[in-house]
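Peer 1: Before anything else, here's the structure in question.
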Amino acid sequence: MHLNKEIYIERRKSLKSKLKSGIILLNGNDYASMNYEHNVYHFIQDASFLYYFGIEKAGLLGLIDIDNNIDYLVGNEQNINSVIWEGATASLSDYSELIGTDKILSILDLEEFLRSDTRKKYFTPQYRGDNKLKMANLLNLNPYNINENVDEKLLYAIASDRNIKSSEEIELMEESARVGVEMHLEALKTAKIGKKEYEVESAIKAVAAKYYGDLSFPSIVSVNGQTLHNPYYKNTLKNGDLLLVDAGVRLKSGYCSDMTTTIPVNGKFSDKQKSMYNLLIEMYDKALLLLKPKVSYKEIHLETAKVLAKGMIERDIMKASVEEIVKAGAHALFMPHGLGHLIGLDVHDMENFGEKIIGYNGEEKSKQFGLSNLRLGRKLEKGFAITVEPGIYFIPELISKWKSENKFMEFINYEKIENEYLDYGGMRYENDFIITDSGAYQLGGKRPKTADEIEAFMANQG
């Protein structure tokens with residue numbers, strides 16, 4: 001889906017204004033082979049190329065000549081073999097007109113252009129092997145350490161553009177979020193005793209496909225929610241299971257959604273499950289109250305952690321003061337990940353640039369366990385798109401390790417955990433937000449959140 005070409009022209013103009021001089025080379029993606037050359041994975045365009053050049057097509061590059069104020073679209077025209085197998089597509093000139101570039105170049109012309117020009121050449125970190133080889137060839141660099149030649153000035157410049165979502169982008173993200181909501185409602189309808197995890201995963205994927213979309217990441221659909229990124233889908237859903245569903249969609253606009261729902265398979269949370277789930281929603285609601293510009297997301301994470309610690313003290317799972325527990329990081333036994341991340345054209349937006357740049361704006365990350373996994377710690381700004389996803393987990397291996405090391409014995413009631421919670425599993429709840437002037441706007445609209453809402457929705461499915 002292409003936006004008005006004036007939008008792409010303005011985006012490139014903004015990038016040029018931040019770097020002043022030199023050449024910017026934005027590498028689009030090619031097809032990637034699965035097991036032989038012509039059997040390829042589904043094509044996904046590089047997000048920064050898509051942001052500035054707007055074309056979801058393999059084999060293209062964008063070149064921005066800052067000093068001469070010339071934007072180039074780079075690629076090769078289709079040959080007859082490509083037309084036979086893939087059908088005729090637009091010419092480079094047609095694509096160039098669509099996105100407002102000044103000139104076109106063939107790949108061969110690009111090689112000559114770059115090798116005869118001595119100016120500074122900026123490029124983004126390459127995360128695919130074929131692109132490392134292509135960029136190394138174009139710039140006469142070693143492909144094994146090519147990313148050591150990336151200039152962070154470009155990354156900060158792109159981040160300052162892409163972090164602030166325009167009204168057009170928010171509209172596209174709203175579409176993606178609405179589909180994400182529908183995916184999670186379908187999971188609530190499908191998850192029943194006797195079903196396989198992969199049947200729920202298949203139902204989610206079908207909703208994405210209905211809107212000509214793809215999964216924004218491999219879905220997590222697991223009765224073992226304590227494994228944070230569980231890729232296994234073969235378990236049979238049993239009475240008393242909690243099913244964690246973490247899934248989102250990438251529509252053809254390129255914009256992604258990312259949401260999580262925790263589902264009681266039999267339609268009812270047990271008393272113990274509901275108690276812990278209510279604490280999870282307390283954490284989530286606390287985070288929402290704090291979302292606004294100029295507030296550090298790291299501080300919101302820590303305030304959410306205090307809600308977790310307080311709840312665990314009330315349940316006799318932790319002891320001592322909330323402040324002591326969170327300062328020491330003992331609460332991370334139950335939430336070893338961060339509260340959320342940026343989202344946009346990547347489900348974890350621009351994280352190929354590195355979390356220090358994207359999530360912390362150059363500040364150092366904490367090395368404390370749990371807090372070190374917080375991907376976003378910087379101050380929020382109006383227009384940021386973020387996720388909020390607190391979790392509560394009982395990970396037997398981590399519990400055993402910490403106990404064997406006598407770790408945080410003054411804070412953690414290991415006996416209570418071992419007697420009552422080792423087989424509990426894990427839960428998470430997540431939605432996507434846009435930061436506004438004074439708070440945050442939830443993308444995609446309302447969906448079941450509280451235990452009562454989830455149970456009522458499932459009861460109405462028959």
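Chain identifiers are assigned as A, B, and so on, following the order in which chains appear in the structure tokens; residues are numbered from 1 within each chain, and ligands are numbered from 1 in order of appearance.
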Could you pull out the strand (DSSP E or B) residues of range 177-232 of chain A from DSSP and send them as a list in words?

Peer 2: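 Assigned to strand (DSSP E or B), within range 177-232 of chain A: Lys196, Asp214, Leu215, Ile220, Val221 and Ser222 of chain A.
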
Peer 1: Compile the contact shell of range 192-199 of chain A as a list in words: residues with an atom at most 7 Å away, counting only C-alpha atoms, same-chain residues fewer than 5 positions apart removed.

Peer 2: Val221, Ser222, Tyr233, Lys234, Asn235, Thr236, Leu237, Lys238, Asn239, Val265 and Asn266 of chain A

Peer 1: Generate the output file for the selected residues, N, CA and C atoms, as a PDB file, in the first residue's frame.

Peer 2:
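Full text of out_7.pdb as output:
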```
ATOM      1  N   VAL A 221       1.485 -19.703  21.100  1.00  0.00           N
ATOM      2  CA  VAL A 221       0.196 -20.281  21.489  1.00  0.00           C
ATOM      3  C   VAL A 221       0.524 -21.490  22.348  1.00  0.00           C
ATOM      4  N   SER A 222       0.485 -21.326  23.676  1.00  0.00           N
ATOM      5  CA  SER A 222       1.092 -22.354  24.529  1.00  0.00           C
ATOM      6  C   SER A 222       0.413 -22.459  25.888  1.00  0.00           C
ATOM      7  N   TYR A 233       3.515 -26.196  19.325  1.00  0.00           N
ATOM      8  CA  TYR A 233       2.057 -26.092  19.190  1.00  0.00           C
ATOM      9  C   TYR A 233       1.312 -27.436  19.305  1.00  0.00           C
ATOM     10  N   LYS A 234       1.937 -28.466  19.831  1.00  0.00           N
ATOM     11  CA  LYS A 234       1.336 -29.799  19.721  1.00  0.00           C
ATOM     12  C   LYS A 234       0.572 -30.256  20.958  1.00  0.00           C
ATOM     13  N   ASN A 235       0.592 -29.501  22.023  1.00  0.00           N
ATOM     14  CA  ASN A 235      -0.100 -29.933  23.236  1.00  0.00           C
ATOM     15  C   ASN A 235      -1.613 -29.921  23.045  1.00  0.00           C
ATOM     16  N   THR A 236      -2.270 -30.854  23.729  1.00  0.00           N
ATOM     17  CA  THR A 236      -3.732 -30.893  23.770  1.00  0.00           C
ATOM     18  C   THR A 236      -4.212 -30.056  24.948  1.00  0.00           C
ATOM     19  N   LEU A 237      -5.206 -29.207  24.717  1.00  0.00           N
ATOM     20  CA  LEU A 237      -5.728 -28.350  25.770  1.00  0.00           C
ATOM     21  C   LEU A 237      -6.556 -29.174  26.748  1.00  0.00           C
ATOM     22  N   LYS A 238      -6.253 -29.034  28.035  1.00  0.00           N
ATOM     23  CA  LYS A 238      -6.903 -29.838  29.065  1.00  0.00           C
ATOM     24  C   LYS A 238      -7.664 -28.937  30.041  1.00  0.00           C
ATOM     25  N   ASN A 239      -8.605 -29.549  30.749  1.00  0.00           N
ATOM     26  CA  ASN A 239      -9.356 -28.843  31.780  1.00  0.00           C
ATOM     27  C   ASN A 239      -8.386 -28.270  32.814  1.00  0.00           C
ATOM     28  N   VAL A 265      -8.889 -22.426  29.497  1.00  0.00           N
ATOM     29  CA  VAL A 265      -9.394 -23.307  28.443  1.00  0.00           C
ATOM     30  C   VAL A 265     -10.819 -23.782  28.718  1.00  0.00           C
ATOM     31  N   ASN A 266     -11.152 -24.004  29.984  1.00  0.00           N
ATOM     32  CA  ASN A 266     -12.506 -24.479  30.298  1.00  0.00           C
ATOM     33  C   ASN A 266     -13.510 -23.339  30.457  1.00  0.00           C
TER      34      ASN A 266
END
```

Peer 1: Pick the closest to Asn69 in chain A from A:Asp102, A:Glu171, A:Glu397, A:Glu56: which is it, counting only C-alpha atoms?

Peer 2: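 So, comparing all the options, the nearest one is A:Asp102.
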
Peer 1: Excluding range 176-190 of chain A and its own-chain neighbours fewer than 4 positions away, which residues fall within 6 Å of it when counting only C-alpha atoms? Please give them as a ChimeraX atom specification.

Peer 2: /A:200,204,207,248-249,256-257,443-444

Peer 1: Find the residue from A:Ala320, A:Met350, A:Ile64, A:Ala451 that sits nearest to Tyr156 in chain A; use only C-alpha atoms when measuring.

Peer 2: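 Checking each candidate against Tyr156 in chain A, we get A:Met350 as the closest.
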
Peer 1: Just asking: which residues within range 148-385 of chain A are alpha helix (DSSP H) according to DSSP, as a PyMOL selection string?

Peer 2: chain A and resi 152-162+167-190+197-210+271-290+297-314+322-328+355-358

Peer 1: If you count only C-alpha atoms, which residues fall within 9 Å of Tyr284 in chain A, apart from same-chain ones fewer than 2 positions away, as a list of chain:residue names?

Peer 2: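 Once the nearby chain positions are removed, what remains is A:Leu279, A:Leu280, A:Ile281, A:Glu282, A:Lys286, A:Ala287, A:Leu288, A:Leu289, A:Thr304, A:Val388, A:Glu389, A:Pro390, A:Gly391, A:Tyr429, A:Glu430.
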
Peer 1: Which residues are near Asn4 in chain A? Cut-off 12 Å, only C-alpha atoms, ignore same chain within fewer than 2 positions. Put them as a list in words.

Peer 2: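 Contacts, with the query itself left out: Met1, His2, Glu6, Ile7, Tyr8, Ile9, Glu10, Arg11, Tyr52, Phe53, Gly54, Glu97, Leu98, Ile99, Gly100 and Glu168 of chain A.
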
Peer 1: For the selection you just gave me, I'd like the residues written to a file as a short mmCIF file (atom, residue, chain, number, x, y, z; two decimals), in the first residue's frame, keeping N, CA and C atoms.

Peer 2:
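Final output, saved to result-v4.cif:
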```cif
data_model
loop_
_atom_site.label_atom_id
_atom_site.label_comp_id
_atom_site.auth_asym_id
_atom_site.auth_seq_id
_atom_site.Cartn_x
_atom_site.Cartn_y
_atom_site.Cartn_z
N MET A 1 0.85 -1.19 0.00
CA MET A 1 0.00 0.00 0.00
C MET A 1 0.88 1.24 0.00
N HIS A 2 0.69 2.10 -0.99
CA HIS A 2 1.51 3.30 -1.09
C HIS A 2 0.77 4.51 -0.56
N GLU A 6 4.05 12.67 -1.90
CA GLU A 6 4.57 13.82 -1.17
C GLU A 6 5.04 13.42 0.23
N ILE A 7 4.41 12.38 0.80
CA ILE A 7 4.82 11.91 2.12
C ILE A 7 6.22 11.33 2.06
N TYR A 8 6.50 10.52 1.03
CA TYR A 8 7.84 9.93 0.90
C TYR A 8 8.87 11.00 0.59
N ILE A 9 8.51 11.98 -0.22
CA ILE A 9 9.44 13.07 -0.53
C ILE A 9 9.81 13.82 0.74
N GLU A 10 8.81 14.12 1.58
CA GLU A 10 9.06 14.84 2.82
C GLU A 10 9.88 14.02 3.80
N ARG A 11 9.65 12.71 3.84
CA ARG A 11 10.43 11.86 4.72
C ARG A 11 11.90 11.87 4.33
N TYR A 52 10.95 5.11 3.68
CA TYR A 52 11.40 6.21 2.84
C TYR A 52 11.12 6.03 1.35
N PHE A 53 10.94 4.76 0.92
CA PHE A 53 10.74 4.52 -0.52
C PHE A 53 9.45 3.77 -0.84
N GLY A 54 8.78 3.20 0.13
CA GLY A 54 7.39 2.80 0.01
C GLY A 54 7.03 1.67 -0.93
N GLU A 97 7.90 7.30 -10.17
CA GLU A 97 6.85 8.31 -10.21
C GLU A 97 5.92 8.16 -9.02
N LEU A 98 5.66 6.92 -8.63
CA LEU A 98 4.72 6.65 -7.54
C LEU A 98 5.22 7.20 -6.21
N ILE A 99 6.54 7.19 -6.00
CA ILE A 99 7.09 7.61 -4.71
C ILE A 99 7.89 8.91 -4.80
N GLY A 100 7.93 9.52 -5.99
CA GLY A 100 8.52 10.84 -6.12
C GLY A 100 10.04 10.90 -6.09
N GLU A 168 -1.24 9.54 9.21
CA GLU A 168 -1.41 8.46 8.22
C GLU A 168 -0.94 7.12 8.79
#
```

Peer 1: Figure out the distance between CA of Glu410 in chain A and CA of Gly340 in chain A, please, to one decimal in Å.

Peer 2: 28.8 Å

Peer 1: What is the distance, in Å and to one decimal place, between CA of Glu314 in chain A and CA of Leu244 in chain A?

Peer 2: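 Rounded to one decimal, the two atoms are 24.7 Å apart.
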
Peer 1: For range 366-376 of chain A, work out the shell of residues within 6 Å, counting only C-alpha atoms and skipping chain neighbours fewer than 2 positions away, then give it as a list in words.

Peer 2: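 Everything that qualifies: Ala332, Pro336, His337, Gly338, His341 and Gly359 of chain A.
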
Peer 1: Do you know which residues are at most 10 Å from Lys274 in chain A counting only C-alpha atoms, after dropping those on the same chain fewer than 4 positions away, and could you put them as an mmCIF file with C-alpha atoms, in the first residue's frame?

Peer 2:
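Just written: result08.cif:
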```cif
data_model
loop_
_atom_site.group_PDB
_atom_site.id
_atom_site.type_symbol
_atom_site.label_atom_id
_atom_site.label_comp_id
_atom_site.auth_asym_id
_atom_site.auth_seq_id
_atom_site.Cartn_x
_atom_site.Cartn_y
_atom_site.Cartn_z
ATOM 1 C CA PRO A 264 -8.755 -20.360 30.744
ATOM 2 C CA LYS A 268 -13.381 -20.294 33.959
ATOM 3 C CA PHE A 269 -10.317 -19.222 35.919
ATOM 4 C CA SER A 270 -9.743 -21.244 39.084
ATOM 5 C CA ASN A 278 -6.239 -9.976 38.778
ATOM 6 C CA LEU A 279 -2.760 -8.971 39.907
ATOM 7 C CA LEU A 280 -1.603 -9.014 36.283
ATOM 8 C CA THR A 450 -10.550 -8.627 33.123
ATOM 9 C CA ALA A 451 -11.134 -12.196 34.273
ATOM 10 C CA ASP A 452 -14.887 -11.545 34.380
#
```
